[in-house]
Each structure stands twice: as structure tokens, then as C-alpha cells.
Amino acid sequence: MALLDLINLSKSYEANTILKEINFSISECERVAVIAKNGGGKSTFMKIVAGILEFDDGRRIVQNSIKIEMLDQNPIFEDNLTVKEAVENELKELKNAKERFESISLLLSKDFENSELLREHAKLSAFLDAHNAWNLDDKIERILQEFALKEYEDTRILRLSGGEQRRVALAGLLLKKPDILLLDEPTNHLDVYMVEFLERYILRERFTLLFISHDRYFIDNIASRCIEIEDSKIRFFKGGYSDYISQKEELLKSMQKSHEVLLKLLKSEEEWLNRGVKARLKRNEGRKQRVLKMREEAKKNPSVIRKMKLELQREQKNFQNQKSLNKKKMLFEIDNIGKSLGEKVLIKDFTLRILQQDKIAIVGKNGAGKSTLLKLLLGELQIDSGGIKRGDFKIGYFDQQRRMLDDDKNLIETFCPNGGDRVLVRGKNMHVYGYLKNFLFPKEHLDKKVGILSGGEKNRVALALLFAKEYDCLILDEPTNDLDIATINILEEYLQNFNGALIFVSHDRYFVDKIARKLLIFKGEGVVEESYQSYSEYLEIEKELNEIENFCDQSQSKQKDQNRVKKRSLKLSYKEKRDYERLPQKIEAMEDKIKELNDCLGDPSCYKQRGIENLHKELLELNRSYEEMVERYLLIEEKIEDMGGGD
């Protein structure tokens with residue numbers, strides 16, 4: 001059963017139609033990715049689903065008591081809250097429910113026939129189960145650790161950066177687990193390890209999720225289906241991003257075939273229409289109108305097909321292996337450099353040569369020193385030790401603050417500062433609009449001030465400005481942030497055709513896999529490693545090595561425990577030794593039985609069949625036996641400690 005339905009829903013802004021008579025539904029545990037160009041209706045669609053934006057026509061139907069929550073791009077917190085308090089603040093309902101459940105459980109142990117309490121007990125149990133809220137404190141600790149927020153848990157949240165505040169908001173929403181969670185670019189401001197944790201968490205906790213992301217690996221790993229918003233309509237695709245690409249290719253083939261059939265039919269009908277007399281008869285007016293409609297469709301189809309084909313070719317071209325590059329002159333010679341900020345060592349004893357046509361991705365955890373290396377290469381920061389030699393060449397720099405843009409200028413002034421409306425791109429003289437059209441800008445944007453553009457649009461302007469000039473080396477800091485997938489494909493095409501050196505920081509695994517020929521991996525504590533593997537391959541190997549290391553640690557710990565038990569048991573009586581070895585399994589089995597009885601008491605069909613009174617008697621007896629076993633086990637342990645047991 002669907003949790004939410006949108007039926008024949010439409011939304012326009014003045015004369016601009018964003019959504020037209022769309023139908024959409026989402027069911028429990030579905031994970032739906034929304035794909036569209038910037039300005040194509042993604043955010044509008046999400047806000048309508050969230051219930052925070054009115055629509056013009058149609059219906060929005062939400063099942064009773066369903067809670068929908070959305071990650072805000074710029075979250076707002078109460079004043080004076082610490083990071084941990086801000087996260088816990090989101091969990092008041094869950095904590096209250098757990099406290100009430102425990103209170104009712106105590107009451108039921110004395111009054112086990114109170115049907116009203118039993119109903120509330122069952123309802124609370126189902127609610128806590130659905131939100132997996134039985135061990136919230138442990139989950140809070142884990143998520144603060146994984147999102148690199150643990151060190152800030154007692155810090156006032158308003159002192160954090162925008163990216164850190166967004167991670168706090170995301171942590172709270174994940175722990176809260178609304179019935180439908182809406183995420184807009186959740187991987188922004190997360191490093192690759194945080195993204196992997198987020199993927200595992202979403203899948204393990206079985207979220208119902210609607211999300212926008214430019215991270216195509218994230219879409220591939222998370223989405224159970226994709227929807228594409230284009231020309232105010234919605235198309236549906238099963239599976240993740242790879243499935244979306246292959247299904248879209250099939251759709252293109254189908255459209256081409258249908259167009260060929262249409263042309264044949266139109267040719268036949270045109271011959272009928274040209275006969276003249278019969279076509280002018282009143283009873284044939286309908287057929288005549290159909291011919292005219294077919295003409296319009298036949299005119300429109302080629303441009304739609306060409307557009308789709310171009311986008312697919314861009315994507316598929318980026319999947320192909322690139323030919324090996326001839327490396328020519330040296331641009332940077334980095335010799336044994338070191339750099340610290342305060343007490344934190346970011347780079348230690350690092351040596352590297354960067355040559356013409358190198359394609360280098362700088363990857364690693366947030367705060368490890370990646371952007372610092374870019375600033376050292378640019379000369380914006382000074383090294384503490386070692387040396388950096390730089391040849392004579394031109395560098396183009398793209399930073400997350402977009403410092404190359406002037407908010408007071410419009411697009412024509414930005415690209416033609418000396419007047420006119422022409423721009424020289426790679427030796428080719430082009431009209432500004434002809435060039436900006438490649439970056440998905442409509443003609444009416446040319447007179448717009450840069451300051452009123454969205455973050456994604458500003459990024460597109462900055463990238464277009466970068467590629468309009470001649471550089472020997474490009475240095476890019478998180479270039480895919482705030483871009484839609486269509487624009488990222490254009491960016492990838494430009495970068496793959498760029499003949500100079502490319503050095504970039506990115507957490508986008510898909511983007512790194514496509515563009516980079518070498519990785520600089522910031523491991524922390526100043527260690528920087530070189531690798532010629534793909535980023536995905538490196539991460540997979542790193543994951544396997546961590547699993548092996550954890551397994552070895554656990555095996556050693558287990559062996560120590562076994563040795564300790566063996567050493568202690570030699571000094572115990574035969575019965576004590578036997579109880580010490582057997583009681584943990586018995587206690588665990590009894591805990592499972594107690595849980596089974598409690599679950600039955602929360603299920604009307606179960607307790608009616610087995611009898612409430614019988615269940616409570618059995619539960620009381622089990623609890624008594626359980627306490628006795630635990631006490632016996634603890635007494636033996638206490639005796640071992642008194643005897644001086646240990647390694």
C-alpha cells in the first residue's frame with residue numbers, strides 16, 4: 001500500500017509550467033532517486049511531497065499518521081544548543097515513547113489483565129520497532145563518531161560551519177527515522193567514508209526514502225527506482241543509476257523506432273490529404289486534424305531524440321577507457337614538504353612531480369589537508385619545510401567560494417568585460433549565448449546578475465568562465481557540488497578533452513573514477529599516499545584490509561579471554577567450573593525466551609491464544625530463574641577476582 005500518492009498534479013510559476021498532470025506514489029521501504037536538470041523541478045517536486053509547497057491542480061493523498069520530514073539545505077537550530085543536544089532534541093518523541101513503554105511494562109507486571117494498558121503497550125512496541133529506537137544512546141554515539149561530530153558534541157552548534165551543521169541535521173533525521181525521509185543532496189559536505197556509512201545505515205534501517213543526488217554511485221547503491229522529471233512530466237525507471245542509463249537507452253531506441261513508423265504512416269496520410277476533394281469533406285475533418293497533429297509530432301520528435309541521444313553519448317563516452325597520455329613537461333616539483341596548522345600535522349615528508357596532462361584526484365577524510373595542498377600549489381599558503389618548484393605556466397582555479405565571480409555583473413559583462421557579446425573559446429569566436437547554451441543556460445539568463453543566481457547556476461557560470469580561457473593546469477576544489485548530473489556530464493566531457501594537467505579535490509567516487517589517472521590519498525597525521533588504482537578499487541581493498549584487521553583483533557581478544565577463563569577455572573570447584581562455562585549460554589537462552597513472552601504480550605492474537613494469565617505466570621517464573629542464574633554467575637566471577645584471577 002502506498003504511503004503517499006500524487007494524482008494528476010500540476011504546478012506552475014507564472015507562465016513557466018514545472019509539473020503537468022504528474023502521477024507518483026511511494027510505498028514503505030522504497031528508495032526513490034529524483035533525476036532532473038537544475039531548474040527542472042526537482043526541488044519543487046520534493047517540497048510538494050513534503051507538504052510545504054502548494055500546487056495548482058490535482059491531489060496529494062497521505063496515509064493517516066504518516067510523518068514526512070525533509071533535510072533542509074540550511075538547517076535552523078535553537079540558540080545555545082550543543083551538537084549532542086541538537087541531535088537529542090530531534091528524538092524527544094522516541095525517548096518519551098520508550099520511557100512510557102518501560103512504565104507500562106512495570107504496571108503490567110502487577111496488573112497483567114488491563115486491556116487498555118496492553119493495547120498501548122503493543123502500540124508503543126510497534127512504534128519503537130519501526131524506528132529501531134531500543135538503543136538510542138548507542139546509536140547517537142555511533143552516528144556522531146561516523147559523521148566526525150564526536151569532538152564537537154559539547155560545542156555550541158552555531159559555532160560550527162554550514163557543512164558541519166548540515167551533518168548534525170542529517171544525523172538527527174536519520175536517528176528519528178520519519179515514515180518518509182526526503183534528502184536533497186545528502187552527500188554534500190560528507191567525505192567518502194561518511195557516504196559509505198550513510199549508505200549502509202539507510203539500507204540496514206530500511207528507510208522509505210525520496211532523494212536528490214548528483215553522486216551517481218550513491219544513487220546506484222541506494223535507489224530501488226529512479227524518476228526523471230523532464231518537460232514537466234515524470235518517467236519511471238527500475239533500479240539505480242546504471243539501470244536508469246540502460247533503460248533510457250532502450251527508451252531512445254523505442255522512440256526512434258516509433259518515429260520511423262510515424263513517418264511511414266504520415267507519408268501515407270499526406271498522400272490522402274493531397275488528393276484534395278475527399279480530404280475537404282466535413283466527415284473527414286477529424287482525419288485531417290490527425291494528419292496535422294502527426295506533422296507536428298514528426299517535427300518535434302527528432303529534436304527530442306537528438307537531445308536524449310547527446311546526453312546518453314556523453315554518459316557512455318565517459319564510461320569508456322581513456323587512451324594513455326603522453327606526459328611532457330614538469331609543472332610542479334614537490335620535494336619533501338611539510339605543513340601543519342596549529343598542533344595538527346596535515347602533510348609530512350611528501351614528495352611528488354606533477355607533469356603536463358596528469359589527472360590527479362586528491363581524496364581522503366574531511367579535515368585531512370586536501371584543500372591545504374591545493375593552496376600550497378597556488379601559493380596562497382606557505383610550506384613549513386621542504387620545497388615546491390613551479391614552472392612557467394598558467395593556472396585556472398575553481399574554488400567552492402567562486403571568488404572569480406562578481407555578483408554585481410550580469411552574464412554578458414562576466415564573459416565580455418571589455419564590451420561586446422562575443423567570447424573566444426579554444427581559438428573559436430562564439431556568441432556568449434552560443435557558448436553558455438552548452439552549460440544549459442537559457443537566453444533570458446544573459447541579462448541576469450550573478451548575485452541572484454542559485455548556487456548550482458553560479459557553479460555553472462564559474463566552470464564556463466574557467467573553460468573559456470586558456471590554461472596549462474586546472475586546480476578544482478569540489479567542482480561537482482551543487483551541480484545536477486546533466487551538468488556534471490558536460491564538466492566531465494570538458495575535463496577529459498582538456499590537454500593540460502588537472503588536480504582536483506572531490507568526494508564524488510563516480511566522478512573520480514571517470515576523470516582521475518592517479519590518486520593522492522590523505523590518510524591523516526600527515527601521511528599522503530600515491531595510487532594508480534581506481535578510487536572504487538582502492539576503497540574496496542581498504543575495506544577488505546580493515547575487515548581482516550578487525551577479524552585478527554577479535555581473534556586475539558577471544559584467545560586471551562579463553563586463556564583467562566582457562567586459568568581461572570583451574571582454581572574453582574568442579575561445579576563452579578561447569579556453571580561458569582554453561583551459565584552464559586543458559587542466561588542468553590532465557591533472555592530470548594523472556595523476549596518471546598514479552599512480544600506475545602504485545603500481540604493480541606498471540607496472548608488471546610495462549611492466555612494472558614498463563615503468559616504472565618510463566619514470565620514471572622522465568623524472571624525469578626533468570627535472576628538466580630545471573631546472581632550465581634556473578635558470585636563465581638567475584639570469587640575468581642578475590643582469588644587474584646587474570647592474565
# chains A, B, ... in the order shown; residues from 1 in each chain; ligands from 1
$ select_by_dssp --residues "range 47-228 of chain A" --states "strand (DSSP E or B)" --output "NGL selection string"
:A and (57-62 or 68-70 or 82 or 156 or 180-184 or 209-212 or 225-228)
$ residues_around --residues "range 201-218 of chain A" --least-positions-apart "5" --cutoff "6 Å" --atoms "only C-alpha atoms" --output "PyMOL selection string"
chain A and resi 28-34+180-185+484-485+508+510
$ write_last_selection --atoms "N, CA and C atoms" --output "mmCIF file, in the first residue's frame"
data_model
loop_
_atom_site.group_PDB
_atom_site.id
_atom_site.type_symbol
_atom_site.label_atom_id
_atom_site.label_comp_id
_atom_site.auth_asym_id
_atom_site.auth_seq_id
_atom_site.Cartn_x
_atom_site.Cartn_y
_atom_site.Cartn_z
ATOM 1 N N GLU A 28 6.165 1.764 1.418
ATOM 2 C CA GLU A 28 7.091 1.512 2.516
ATOM 3 C C GLU A 28 8.358 0.813 2.014
ATOM 4 N N CYS A 29 9.509 1.294 2.497
ATOM 5 C CA CYS A 29 10.849 0.746 2.203
ATOM 6 C C CYS A 29 11.324 1.011 0.771
ATOM 7 N N GLU A 30 10.578 1.795 -0.013
ATOM 8 C CA GLU A 30 11.083 2.193 -1.333
ATOM 9 C C GLU A 30 12.118 3.309 -1.176
ATOM 10 N N ARG A 31 13.100 3.322 -2.065
ATOM 11 C CA ARG A 31 14.128 4.370 -2.066
ATOM 12 C C ARG A 31 14.190 4.935 -3.486
ATOM 13 N N VAL A 32 13.644 6.134 -3.653
ATOM 14 C CA VAL A 32 13.419 6.696 -4.986
ATOM 15 C C VAL A 32 14.346 7.892 -5.216
ATOM 16 N N ALA A 33 15.146 7.814 -6.272
ATOM 17 C CA ALA A 33 16.028 8.921 -6.655
ATOM 18 C C ALA A 33 15.315 9.807 -7.675
ATOM 19 N N VAL A 34 15.430 11.125 -7.485
ATOM 20 C CA VAL A 34 14.818 12.101 -8.403
ATOM 21 C C VAL A 34 15.929 12.694 -9.266
ATOM 22 N N ILE A 180 8.549 8.813 5.936
ATOM 23 C CA ILE A 180 9.154 9.110 4.624
ATOM 24 C C ILE A 180 10.214 10.183 4.848
ATOM 25 N N LEU A 181 11.440 9.865 4.466
ATOM 26 C CA LEU A 181 12.545 10.810 4.620
ATOM 27 C C LEU A 181 12.900 11.394 3.255
ATOM 28 N N LEU A 182 12.990 12.730 3.195
ATOM 29 C CA LEU A 182 13.355 13.422 1.960
ATOM 30 C C LEU A 182 14.738 14.043 2.141
ATOM 31 N N LEU A 183 15.660 13.689 1.248
ATOM 32 C CA LEU A 183 17.030 14.195 1.332
ATOM 33 C C LEU A 183 17.403 14.895 0.027
ATOM 34 N N ASP A 184 17.840 16.147 0.134
ATOM 35 C CA ASP A 184 18.285 16.914 -1.031
ATOM 36 C C ASP A 184 19.800 17.021 -0.960
ATOM 37 N N GLU A 185 20.493 16.325 -1.851
ATOM 38 C CA GLU A 185 21.960 16.278 -1.899
ATOM 39 C C GLU A 185 22.557 15.928 -0.530
ATOM 40 N N ASP A 484 23.813 19.507 -11.141
ATOM 41 C CA ASP A 484 22.981 18.349 -11.462
ATOM 42 C C ASP A 484 23.795 17.387 -12.336
ATOM 43 N N ILE A 485 23.253 16.193 -12.559
ATOM 44 C CA ILE A 485 24.006 15.151 -13.269
ATOM 45 C C ILE A 485 24.271 15.558 -14.719
ATOM 46 N N ASP A 508 33.213 12.750 -4.727
ATOM 47 C CA ASP A 508 32.297 12.063 -5.644
ATOM 48 C C ASP A 508 33.036 10.885 -6.285
ATOM 49 N N TYR A 510 32.181 8.417 -8.252
ATOM 50 C CA TYR A 510 31.902 8.180 -9.672
ATOM 51 C C TYR A 510 32.719 9.141 -10.533
#
$ residues_around --residues "range 601-608 of chain A" --least-positions-apart "3" --cutoff "12 Å" --atoms "only C-alpha atoms" --output "MDAnalysis selection string"
chainID A and resid 101 104:105 108:109 112:127 129 594:598 611:619
$ residues_around --residues "Val423 in chain A" --least-positions-apart "6" --cutoff "8 Å" --atoms "only C-alpha atoms" --output "number ranges by chain"
A: 415-416, 429-432, 435, 468
$ atom_distance --atom1 "CA of Leu128 in chain A" --atom2 "CA of Glu69 in chain A"
17.9 Å
$ residues_around --residues "Lys523 in chain A" --least-positions-apart "5" --cutoff "8 Å" --atoms "only C-alpha atoms" --output "PyMOL selection string"
chain A and resi 364-365+368+528-529
$ residues_around --residues "Leu634 in chain A" --least-positions-apart "2" --cutoff "12 Å" --atoms "only C-alpha atoms" --output "ChimeraX atom specification"
/A:576,579-580,583-584,587,627-632,636-641
$ write_last_selection --atoms "all heavy atoms" --output "short mmCIF file (atom, residue, chain, number, x, y, z; two decimals), in the first residue's frame"
data_model
loop_
_atom_site.label_atom_id
_atom_site.label_comp_id
_atom_site.auth_asym_id
_atom_site.auth_seq_id
_atom_site.Cartn_x
_atom_site.Cartn_y
_atom_site.Cartn_z
N GLU A 576 31.52 -25.28 40.14
CA GLU A 576 31.69 -23.86 39.79
C GLU A 576 32.25 -23.70 38.38
O GLU A 576 31.83 -22.83 37.61
CB GLU A 576 32.62 -23.19 40.81
CG GLU A 576 31.94 -22.94 42.15
CD GLU A 576 32.92 -22.46 43.20
OE1 GLU A 576 34.13 -22.81 43.09
OE2 GLU A 576 32.49 -21.77 44.13
N ASP A 579 29.42 -24.48 35.98
CA ASP A 579 28.44 -23.38 35.93
C ASP A 579 29.01 -22.16 35.20
O ASP A 579 28.32 -21.49 34.45
CB ASP A 579 28.02 -22.98 37.34
CG ASP A 579 27.08 -23.99 37.98
OD1 ASP A 579 26.58 -24.89 37.24
OD2 ASP A 579 26.83 -23.89 39.18
N TYR A 580 30.27 -21.85 35.46
CA TYR A 580 30.91 -20.70 34.83
C TYR A 580 30.94 -20.83 33.31
O TYR A 580 30.80 -19.85 32.58
CB TYR A 580 32.32 -20.54 35.38
CG TYR A 580 32.96 -19.22 35.02
CD1 TYR A 580 32.60 -18.06 35.68
CD2 TYR A 580 33.91 -19.13 34.01
CE1 TYR A 580 33.18 -16.84 35.37
CE2 TYR A 580 34.49 -17.92 33.68
CZ TYR A 580 34.12 -16.78 34.37
OH TYR A 580 34.68 -15.56 34.05
N LEU A 583 26.61 -21.32 32.26
CA LEU A 583 25.59 -20.32 32.59
C LEU A 583 25.40 -19.23 31.52
O LEU A 583 24.27 -18.83 31.25
CB LEU A 583 25.89 -19.67 33.95
CG LEU A 583 25.45 -20.48 35.17
CD1 LEU A 583 25.95 -19.83 36.45
CD2 LEU A 583 23.94 -20.64 35.22
N PRO A 584 26.48 -18.71 30.88
CA PRO A 584 26.24 -17.66 29.86
C PRO A 584 25.28 -18.10 28.76
O PRO A 584 24.41 -17.33 28.35
CB PRO A 584 27.65 -17.39 29.31
CG PRO A 584 28.56 -17.72 30.44
CD PRO A 584 27.92 -18.89 31.13
N ILE A 587 21.78 -18.29 30.29
CA ILE A 587 21.25 -16.92 30.52
C ILE A 587 20.79 -16.31 29.20
O ILE A 587 19.71 -15.71 29.11
CB ILE A 587 22.33 -16.04 31.19
CG1 ILE A 587 22.54 -16.49 32.64
CG2 ILE A 587 21.94 -14.56 31.14
CD1 ILE A 587 23.78 -15.90 33.30
N GLU A 627 17.08 -14.26 37.37
CA GLU A 627 17.81 -13.52 38.40
C GLU A 627 18.74 -14.44 39.19
O GLU A 627 19.86 -14.07 39.53
CB GLU A 627 16.82 -12.81 39.35
CG GLU A 627 16.02 -11.70 38.71
CD GLU A 627 16.88 -10.54 38.24
OE1 GLU A 627 17.97 -10.33 38.81
OE2 GLU A 627 16.47 -9.86 37.28
N GLU A 628 18.26 -15.64 39.49
CA GLU A 628 19.06 -16.60 40.24
C GLU A 628 20.31 -17.00 39.45
O GLU A 628 21.42 -17.09 40.00
CB GLU A 628 18.23 -17.85 40.57
CG GLU A 628 17.18 -17.60 41.65
CD GLU A 628 16.21 -18.77 41.79
OE1 GLU A 628 16.37 -19.80 41.09
OE2 GLU A 628 15.25 -18.63 42.58
N MET A 629 20.12 -17.28 38.15
CA MET A 629 21.26 -17.66 37.31
C MET A 629 22.29 -16.53 37.23
O MET A 629 23.50 -16.78 37.33
CB MET A 629 20.78 -18.01 35.89
CG MET A 629 20.20 -19.38 35.75
SD MET A 629 19.97 -19.72 33.99
CE MET A 629 19.08 -21.25 34.08
N VAL A 630 21.82 -15.31 36.99
CA VAL A 630 22.73 -14.17 36.88
C VAL A 630 23.49 -13.97 38.19
O VAL A 630 24.71 -13.74 38.19
CB VAL A 630 21.95 -12.88 36.50
CG1 VAL A 630 22.84 -11.65 36.62
CG2 VAL A 630 21.39 -12.99 35.08
N GLU A 631 22.77 -14.08 39.33
CA GLU A 631 23.41 -13.91 40.63
C GLU A 631 24.49 -14.99 40.84
O GLU A 631 25.58 -14.70 41.33
CB GLU A 631 22.36 -13.98 41.74
CG GLU A 631 22.92 -13.60 43.10
CD GLU A 631 21.83 -13.55 44.17
OE1 GLU A 631 20.64 -13.72 43.84
OE2 GLU A 631 22.20 -13.35 45.34
N ARG A 632 24.18 -16.26 40.49
CA ARG A 632 25.14 -17.36 40.61
C ARG A 632 26.40 -17.07 39.78
O ARG A 632 27.53 -17.24 40.26
CB ARG A 632 24.47 -18.66 40.14
CG ARG A 632 25.41 -19.84 39.93
CD ARG A 632 25.91 -20.39 41.22
NE ARG A 632 26.70 -21.62 41.01
CZ ARG A 632 27.55 -22.10 41.88
NH1 ARG A 632 27.74 -21.50 43.04
NH2 ARG A 632 28.22 -23.21 41.62
N ILE A 636 30.38 -16.34 41.13
CA ILE A 636 31.57 -17.10 40.71
C ILE A 636 32.64 -16.13 40.18
O ILE A 636 33.83 -16.27 40.48
CB ILE A 636 31.20 -18.15 39.64
CG1 ILE A 636 30.24 -19.18 40.21
CG2 ILE A 636 32.45 -18.85 39.11
CD1 ILE A 636 29.65 -20.14 39.18
N GLU A 637 32.21 -15.14 39.40
CA GLU A 637 33.17 -14.15 38.89
C GLU A 637 33.84 -13.39 40.03
O GLU A 637 35.04 -13.12 40.01
CB GLU A 637 32.46 -13.17 37.96
CG GLU A 637 32.33 -13.66 36.54
CD GLU A 637 32.26 -12.50 35.55
OE1 GLU A 637 31.66 -11.48 35.88
OE2 GLU A 637 32.82 -12.65 34.44
N GLU A 638 33.02 -13.04 41.05
CA GLU A 638 33.56 -12.31 42.20
C GLU A 638 34.61 -13.16 42.93
O GLU A 638 35.65 -12.67 43.36
CB GLU A 638 32.40 -11.96 43.14
CG GLU A 638 32.80 -10.98 44.23
CD GLU A 638 31.61 -10.58 45.08
OE1 GLU A 638 30.46 -10.59 44.55
OE2 GLU A 638 31.81 -10.29 46.26
N LYS A 639 34.31 -14.48 43.05
CA LYS A 639 35.24 -15.39 43.70
C LYS A 639 36.57 -15.45 42.93
O LYS A 639 37.66 -15.46 43.52
CB LYS A 639 34.62 -16.78 43.79
CG LYS A 639 35.49 -17.79 44.53
CD LYS A 639 34.80 -19.14 44.61
CE LYS A 639 35.72 -20.17 45.27
NZ LYS A 639 35.07 -21.51 45.33
N ILE A 640 36.46 -15.48 41.59
CA ILE A 640 37.66 -15.52 40.75
C ILE A 640 38.52 -14.27 40.97
O ILE A 640 39.74 -14.35 41.09
CB ILE A 640 37.28 -15.66 39.26
CG1 ILE A 640 36.66 -17.04 39.01
CG2 ILE A 640 38.47 -15.45 38.35
CD1 ILE A 640 35.99 -17.17 37.66
N GLU A 641 37.86 -13.12 41.05
CA GLU A 641 38.59 -11.87 41.28
C GLU A 641 39.27 -11.87 42.65
O GLU A 641 40.40 -11.41 42.79
CB GLU A 641 37.64 -10.68 41.16
CG GLU A 641 37.19 -10.42 39.73
CD GLU A 641 36.10 -9.37 39.64
OE1 GLU A 641 35.73 -8.82 40.69
OE2 GLU A 641 35.62 -9.15 38.51
#
$ residues_around --residues "Phe393 in chain A" --least-positions-apart "4" --cutoff "10 Å" --atoms "only C-alpha atoms" --output "list in words"
Leu331, Tyr471, Asp472 and Cys473 of chain A
$ atom_distance --atom1 "CA of Lys176 in chain A" --atom2 "CA of Glu93 in chain A"
8.7 Å
$ select_by_dssp --residues "range 15-241 of chain A" --states "alpha helix (DSSP H)" --output "PyMOL selection string"
chain A and resi 42-50+83-89+92-110+115-130+136-146+162-176+192-204+216-222+241
$ closest_atom_pairs --of "range 40-149 of chain A" --to "range 157-164 of chain A" --cutoff "9 Å" --atoms "only C-alpha atoms" --output "CSV"
residue,atom,partner,partner_atom,distance
A:Asn74,CA,A:Gly162,CA,7.4
A:Pro75,CA,A:Gly162,CA,8.6
A:Phe77,CA,A:Ile157,CA,7.8
A:Glu78,CA,A:Ile157,CA,9.0
A:Asp79,CA,A:Leu158,CA,7.4
A:Asn80,CA,A:Ile157,CA,7.3
A:Leu81,CA,A:Ile157,CA,6.1
A:Thr82,CA,A:Ile157,CA,5.2
A:Val83,CA,A:Ile157,CA,5.2
A:Lys84,CA,A:Ile157,CA,8.8
A:Ala86,CA,A:Ile157,CA,7.6
A:Phe147,CA,A:Glu164,CA,8.8
A:Ala148,CA,A:Glu164,CA,8.8
A:Leu149,CA,A:Glu164,CA,7.8
$ write_last_selection --atoms "N, CA, C and O atoms" --output "CSV table (one decimal), in the first residue's frame"
chain,number,residue,atom,x,y,z
A,74,ASN,N,19.8,24.6,4.6
A,74,ASN,CA,20.3,25.5,5.6
A,74,ASN,C,19.5,25.3,6.9
A,74,ASN,O,18.6,26.1,7.2
A,75,PRO,N,19.9,24.3,7.6
A,75,PRO,CA,19.1,24.0,8.8
A,75,PRO,C,19.1,25.1,9.9
A,75,PRO,O,20.1,25.8,10.0
A,77,PHE,N,18.7,25.9,14.0
A,77,PHE,CA,18.6,25.2,15.3
A,77,PHE,C,18.3,26.3,16.4
A,77,PHE,O,18.5,27.5,16.2
A,78,GLU,N,17.8,25.8,17.5
A,78,GLU,CA,17.6,26.6,18.6
A,78,GLU,C,18.9,27.2,19.1
A,78,GLU,O,19.9,26.5,19.1
A,79,ASP,N,18.8,28.4,19.6
A,79,ASP,CA,20.0,29.1,20.2
A,79,ASP,C,20.6,28.3,21.4
A,79,ASP,O,19.8,27.7,22.1
A,80,ASN,N,21.9,28.3,21.5
A,80,ASN,CA,22.6,27.8,22.7
A,80,ASN,C,22.6,26.3,22.8
A,80,ASN,O,23.1,25.8,23.8
A,81,LEU,N,22.1,25.6,21.8
A,81,LEU,CA,22.2,24.1,21.9
A,81,LEU,C,23.6,23.6,21.5
A,81,LEU,O,24.2,24.2,20.6
A,82,THR,N,24.1,22.6,22.2
A,82,THR,CA,25.3,21.9,21.8
A,82,THR,C,25.0,21.0,20.7
A,82,THR,O,23.8,20.7,20.4
A,83,VAL,N,26.0,20.4,20.1
A,83,VAL,CA,25.8,19.4,19.0
A,83,VAL,C,25.0,18.2,19.4
A,83,VAL,O,24.0,17.8,18.8
A,84,LYS,N,25.4,17.7,20.6
A,84,LYS,CA,24.7,16.5,21.1
A,84,LYS,C,23.2,16.8,21.5
A,84,LYS,O,22.3,16.0,21.2
A,86,ALA,N,21.4,19.1,20.2
A,86,ALA,CA,20.6,19.3,18.9
A,86,ALA,C,20.2,18.0,18.3
A,86,ALA,O,19.0,17.9,17.8
A,147,PHE,N,30.1,10.7,11.6
A,147,PHE,CA,30.0,11.9,10.9
A,147,PHE,C,31.0,13.0,11.4
A,147,PHE,O,30.9,14.2,11.1
A,148,ALA,N,32.0,12.5,12.1
A,148,ALA,CA,33.1,13.3,12.6
A,148,ALA,C,32.6,14.5,13.5
A,148,ALA,O,33.0,15.6,13.3
A,149,LEU,N,31.6,14.2,14.3
A,149,LEU,CA,31.0,15.3,15.1
A,149,LEU,C,31.2,15.0,16.6
A,149,LEU,O,30.9,15.8,17.5
